[in-house]
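*Asks:* What follows is a single structure, and I will ask about it in a moment.
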Amino acid sequence: MSALPRIPVRHLARLFAVVLTGVSAGSLSGQAVEPRAPVERTEVGGRMHMQFATTSVDGVPSSEFVLRRARIWAAARVNEWIDGAVQVDFSNGQVSARYAFVRFSMDPALRVSVGQFKRAFDLFELTSSSEILVVERDGQIEGVDACGALGGVCSYSRFSEKLQFSSLDVGILLQGDLAEGKVGYLVSVTNGPGGNQAEDNDAKSWSSRLEWRPRSGVTVGGNLGMHDFTNPVLGVATYAPVGAVDVELGDFDRGFHLQAGVMTGENWRNLDAGGAGSRFLAAQTIATYRVPVEGNGKVRAVEPVARVSWGDPDRGRGGDGGVLLTPGVVLHFEGRNKIGVNLDGWRGRAGETAWGLKLQSYLYF
């Protein structure tokens with residue numbers, strides 16, 4: 001693992017002075033920076049997730065401590081219709097940008113963001129890692145390589161992320177609320193290769209999500225997208241379609257909470273001789289029930305967690321894919337600070353099995 005780059009403190013101080021407070025300061029190269037108008041409000045925060053993971057698979061370390069996430073974010077509101085945010089991740093021996101965007105809120109029905117953000121696709125991916133209650137969205141178990149070209153276990157999020165239908169990318173995002181908040185939409189047009197990556201062809205990817213909220217605590221979503229990629233068989237840029245429907249009942253604050261979805265599309269990482277990808281299918285349900293703990297103790301709530309995630313990378317053949325089962329529990333402290341325990345169990349259609357225990361602490365500030 002490579003060491004983190006060392007950034008002089010004076011440079012960080014100058015950068016935060018320029019970005020957050022808008023005061024006059026020198027740039028990193030010593031060039032003068034024009035004074036900026038004071039912003040209306042600024043915020044700085046972050047999160048750190050420390051994980052201990054085990055695996056039943058032979059040939060790899062049976063246990064490991066992982067600095068899963070260490071993120072600092074800064075947000076600034078210039079006025080009632082212009083704001084933006086930057087989030088930087090320090091983990092896995094690297095420093096990388098997560099969010100980095102400016103947003104123009106023309107109206108509740110139209111907000112325009114430009115920069116790097118999550119594509120407008122997939123309920124599970126759009127849920128923040130500070131809220132989602134399974135330790136790993138894709139249920140990764142070290143040493144398991146059971147989902148064809150996607151690797152890992154064939155979970156819902158494995159398809160969504162590895163096929164680049166969701167997660168970070170660079171481009172433009174339109175979103176808004178209609179019908180007195182009962183309908184919401186998101187539409188994104190992005191480069192395609194993912195976060196912190198340069199464009200690699202002349203095409204663009206697009207994603208869209210429509211939400212219907214018939215009443216409080218109920219959201220029904222529909223997702224459509226097209227991911228552009230350079231087809232190695234055809235030698236040109238082509239598109240892989242994807243669609244998903246999902247539902248969310250309840251919320252992360254109290255009582256019963258359920259997220260469920262079904263997704264299908266083209267597995268463009270599994271091409272035939274003619275350059276066509278196989279058709280994949282995935283489904284997932286995550287259910288929890290948050291129980292408050294009375295009194296003034298350190299634990300404010302206990303929340304059992306259960307996930308069932310199934311995926312098939314190629315509907316045209318048998319013997320691949322499988323199911324991921326995840327029982328777990330979360331102990332809630334103040335705010336989003338908590339400890340989560342998950343036992344991920346994998347069973348492939350060919351009969352192979354594996355499991356991994358994950359314990360993760362969540363510090364949010």
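Ligands are numbered from 1 in the order shown, residues from 1 within each chain, and chains are lettered A, B, ... in the order they appear in the structure tokens.
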Write out as a PyMOL selection string all residues of stretch 79-131 of chain A that DSSP puts in alpha helix (DSSP H) for this structure's backbone.
*Replies:* chain A and resi 123-126
*Asks:* Could you give me the residues within stretch 93-168 of chain A that DSSP places in strand (DSSP E), as a count of residues only?
*Replies:* 24
*Asks:* Expressed in Å to a single decimal, how great is the separation between atom CA of A:Asn342 and atom CA of A:Pro313?
*Replies:* 24.7 Å
*Asks:* Give one line per residue of stretch 240-268 of chain A that approaches stretch 225-234 of chain A to at most 8 Å, naming the two atoms of the closest pair and their distance in Å to one decimal, counting only C-alpha atoms; sort by chain then ascending residue number and deliver it as a tab-separated table.
*Replies:*
residue	atom	partner	partner_atom	distance
A:Ala240	CA	A:His227	CA	5.2
A:Pro241	CA	A:Met226	CA	4.5
A:Val242	CA	A:Gly225	CA	5.3
A:Gly243	CA	A:Gly225	CA	6.4
*Asks:* Just give me the gap between atom CA of A:Gly45 and atom CA of A:Gln116 in Å, one decimal is fine.
*Replies:* 18.6 Å
*Asks:* Which of these, A:Asp107, A:Asp344, A:Glu266, A:Glu43, has the shortest distance to A:Asp314 once you count only C-alpha atoms?
*Replies:*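 Nearest candidate to A:Asp314 out of A:Asp107, A:Asp344, A:Glu266, A:Glu43: A:Glu266.
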*Asks:* Find the spatial neighbours of stretch 288-292 of chain A, counting only C-alpha atoms, within a cut-off of 8 Å - ignore same-chain residues fewer than 3 positions away - and output them as a list in words.
*Replies:* Asp253, Arg254, Gly255, Phe256, His257, Leu258, Arg300, Ala301, Val302, Glu303, Pro304, Val305 and Ala306 of chain A
*Asks:* Tell me which of A:Met263, A:Val88, A:Ala179, A:Leu168 sits closest to A:Phe117, counting only C-alpha atoms.
*Replies:*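 For A:Phe117, the nearest of the candidates is A:Leu168.
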*Asks:* Please provide as a ChimeraX atom specification all residues within 12 Å of A:Asp202, with the sequence filter that same-chain residues fewer than 5 positions apart are discarded (counting only C-alpha atoms).
*Replies:* /A:190-193,228-230,236-239
*Asks:* Taking a cut-off of 8 Å and counting only C-alpha atoms, can you build a table that, for each residue of stretch 290-331 of chain A near stretch 131-137 of chain A, reports the nearest atom pair and how far apart they are in Å (one decimal), sorted by chain then residue number, as a tab-separated table?
*Replies:*
residue	atom	partner	partner_atom	distance
A:Val305	CA	A:Leu133	CA	7.1
A:Arg307	CA	A:Val134	CA	7.8
A:Thr326	CA	A:Val134	CA	8.0
A:Gly328	CA	A:Val134	CA	7.7
A:Val330	CA	A:Leu133	CA	7.2
*Asks:* Any chance you can output those residues with C-alpha atoms as a PDB file, in the first residue's frame?
*Replies:*
ATOM      1  CA  VAL A 305     -30.811  -5.547   9.719  1.00  0.00           C
ATOM      2  CA  ARG A 307     -30.617  -8.198   3.392  1.00  0.00           C
ATOM      3  CA  THR A 326     -26.888 -10.593   5.333  1.00  0.00           C
ATOM      4  CA  GLY A 328     -26.852  -7.879  11.140  1.00  0.00           C
ATOM      5  CA  VAL A 330     -26.616  -1.658  14.353  1.00  0.00           C
TER       6      VAL A 330
END
*Asks:* If you measure from atom CA of A:Val329 to atom CA of A:Val153, what distance in Å do you get, rounded to one decimal?
*Replies:*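 Atom CA of A:Val329 sits 21.4 Å away from atom CA of A:Val153.
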*Asks:* Taking 3 positions as the minimum chain separation for residues in the same chain, which residues sit within 10 Å of A:Glu334 when counting only C-alpha atoms? Answer as a list in words.
*Replies:*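 Within the cut-off, the hits are Lys298, Val299, Arg300, Ala301, Asn337, Lys338, Leu363 and Tyr364 of chain A.
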*Asks:* Find the residues near stretch 65-68 of chain A: any atom within 12 Å, counting only C-alpha atoms, skip ones fewer than 5 places away on the same chain, and give them as a list of chain:residue names.
*Replies:*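 Using only C-alpha atoms, the neighbours found are A:Met1, A:Arg47, A:Met48, A:His49, A:Met50, A:Gln51, A:Phe52, A:Ala53, A:Thr54, A:Asp89, A:Phe90, A:Ser91, A:Asn92, A:Gly93, A:Gln94, A:Ser129, A:Val135, A:Glu136, A:Leu357, A:Lys358, A:Leu359, A:Gln360, A:Ser361, A:Tyr362, A:Leu363.
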*Asks:* How would the residues just picked look written out with N, CA and C atoms as a PDB file, in the first residue's frame?
*Replies:*
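The result, stored in selection_37.pdb:
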ATOM      1  N   MET A   1       0.851  -1.189   0.000  1.00  0.00           N
ATOM      2  CA  MET A   1       0.000   0.000   0.000  1.00  0.00           C
ATOM      3  C   MET A   1       0.885   1.236   0.000  1.00  0.00           C
ATOM      4  N   ARG A  47     -16.469  12.278   7.899  1.00  0.00           N
ATOM      5  CA  ARG A  47     -16.831  10.974   8.446  1.00  0.00           C
ATOM      6  C   ARG A  47     -15.613  10.068   8.368  1.00  0.00           C
ATOM      7  N   MET A  48     -15.567   9.085   9.275  1.00  0.00           N
ATOM      8  CA  MET A  48     -14.530   8.073   9.245  1.00  0.00           C
ATOM      9  C   MET A  48     -15.173   6.733   9.589  1.00  0.00           C
ATOM     10  N   HIS A  49     -14.964   5.756   8.719  1.00  0.00           N
ATOM     11  CA  HIS A  49     -15.475   4.410   8.923  1.00  0.00           C
ATOM     12  C   HIS A  49     -14.300   3.453   9.046  1.00  0.00           C
ATOM     13  N   MET A  50     -14.170   2.842  10.198  1.00  0.00           N
ATOM     14  CA  MET A  50     -13.114   1.857  10.446  1.00  0.00           C
ATOM     15  C   MET A  50     -13.738   0.481  10.464  1.00  0.00           C
ATOM     16  N   GLN A  51     -13.160  -0.473   9.724  1.00  0.00           N
ATOM     17  CA  GLN A  51     -13.793  -1.778   9.539  1.00  0.00           C
ATOM     18  C   GLN A  51     -12.841  -2.920   9.893  1.00  0.00           C
ATOM     19  N   PHE A  52     -13.409  -3.952  10.502  1.00  0.00           N
ATOM     20  CA  PHE A  52     -12.726  -5.217  10.697  1.00  0.00           C
ATOM     21  C   PHE A  52     -13.514  -6.266   9.934  1.00  0.00           C
ATOM     22  N   ALA A  53     -12.852  -6.993   9.016  1.00  0.00           N
ATOM     23  CA  ALA A  53     -13.542  -7.948   8.158  1.00  0.00           C
ATOM     24  C   ALA A  53     -12.845  -9.294   8.186  1.00  0.00           C
ATOM     25  N   THR A  54     -13.643 -10.354   8.110  1.00  0.00           N
ATOM     26  CA  THR A  54     -13.109 -11.708   8.043  1.00  0.00           C
ATOM     27  C   THR A  54     -13.650 -12.391   6.793  1.00  0.00           C
ATOM     28  N   ASP A  89     -11.711  12.145  -0.138  1.00  0.00           N
ATOM     29  CA  ASP A  89     -11.568  10.880   0.571  1.00  0.00           C
ATOM     30  C   ASP A  89     -10.093  10.535   0.759  1.00  0.00           C
ATOM     31  N   PHE A  90      -9.712  10.186   1.987  1.00  0.00           N
ATOM     32  CA  PHE A  90      -8.347   9.776   2.317  1.00  0.00           C
ATOM     33  C   PHE A  90      -8.409   8.321   2.792  1.00  0.00           C
ATOM     34  N   SER A  91      -8.308   7.382   1.884  1.00  0.00           N
ATOM     35  CA  SER A  91      -8.356   5.962   2.260  1.00  0.00           C
ATOM     36  C   SER A  91      -7.733   5.131   1.150  1.00  0.00           C
ATOM     37  N   ASN A  92      -7.470   3.864   1.475  1.00  0.00           N
ATOM     38  CA  ASN A  92      -6.846   2.948   0.518  1.00  0.00           C
ATOM     39  C   ASN A  92      -5.520   3.481  -0.028  1.00  0.00           C
ATOM     40  N   GLY A  93      -4.815   4.276   0.784  1.00  0.00           N
ATOM     41  CA  GLY A  93      -3.518   4.794   0.367  1.00  0.00           C
ATOM     42  C   GLY A  93      -3.584   5.852  -0.700  1.00  0.00           C
ATOM     43  N   GLN A  94      -4.772   6.456  -0.902  1.00  0.00           N
ATOM     44  CA  GLN A  94      -4.932   7.450  -1.947  1.00  0.00           C
ATOM     45  C   GLN A  94      -5.727   8.635  -1.428  1.00  0.00           C
ATOM     46  N   SER A 129     -23.544   6.655   2.408  1.00  0.00           N
ATOM     47  CA  SER A 129     -22.859   5.640   3.204  1.00  0.00           C
ATOM     48  C   SER A 129     -22.925   5.943   4.696  1.00  0.00           C
ATOM     49  N   VAL A 135     -23.088  -2.924   5.963  1.00  0.00           N
ATOM     50  CA  VAL A 135     -21.727  -2.398   6.034  1.00  0.00           C
ATOM     51  C   VAL A 135     -21.165  -2.143   4.643  1.00  0.00           C
ATOM     52  N   GLU A 136     -21.370  -3.099   3.724  1.00  0.00           N
ATOM     53  CA  GLU A 136     -20.927  -2.928   2.335  1.00  0.00           C
ATOM     54  C   GLU A 136     -22.115  -3.083   1.403  1.00  0.00           C
ATOM     55  N   LEU A 357     -17.583 -11.955   8.150  1.00  0.00           N
ATOM     56  CA  LEU A 357     -18.096 -11.118   9.229  1.00  0.00           C
ATOM     57  C   LEU A 357     -17.470  -9.740   9.120  1.00  0.00           C
ATOM     58  N   LYS A 358     -18.306  -8.688   9.239  1.00  0.00           N
ATOM     59  CA  LYS A 358     -17.805  -7.313   9.175  1.00  0.00           C
ATOM     60  C   LYS A 358     -18.299  -6.535  10.386  1.00  0.00           C
ATOM     61  N   LEU A 359     -17.372  -5.831  11.014  1.00  0.00           N
ATOM     62  CA  LEU A 359     -17.666  -4.935  12.130  1.00  0.00           C
ATOM     63  C   LEU A 359     -17.149  -3.562  11.749  1.00  0.00           C
ATOM     64  N   GLN A 360     -18.034  -2.562  11.753  1.00  0.00           N
ATOM     65  CA  GLN A 360     -17.628  -1.233  11.295  1.00  0.00           C
ATOM     66  C   GLN A 360     -18.101  -0.161  12.259  1.00  0.00           C
ATOM     67  N   SER A 361     -17.210   0.772  12.576  1.00  0.00           N
ATOM     68  CA  SER A 361     -17.551   1.935  13.385  1.00  0.00           C
ATOM     69  C   SER A 361     -17.763   3.124  12.459  1.00  0.00           C
ATOM     70  N   TYR A 362     -18.734   3.991  12.819  1.00  0.00           N
ATOM     71  CA  TYR A 362     -19.085   5.138  12.007  1.00  0.00           C
ATOM     72  C   TYR A 362     -18.929   6.398  12.857  1.00  0.00           C
ATOM     73  N   LEU A 363     -17.968   7.229  12.511  1.00  0.00           N
ATOM     74  CA  LEU A 363     -17.806   8.527  13.154  1.00  0.00           C
ATOM     75  C   LEU A 363     -18.239   9.594  12.165  1.00  0.00           C
TER      76      LEU A 363
END
*Asks:* Have a look at A:Val60, A:Ala350, A:Ala287, A:Leu281 and name the one nearest to A:Phe252; count only C-alpha atoms.
*Replies:*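 Once distances to A:Phe252 are computed over only C-alpha atoms, the minimum belongs to A:Ala287.
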*Asks:* For A:Gly345, which of A:Gly139, A:Gly184, A:Pro108, A:Gly318 is the closest residue, counting only C-alpha atoms?
*Replies:* A:Gly139
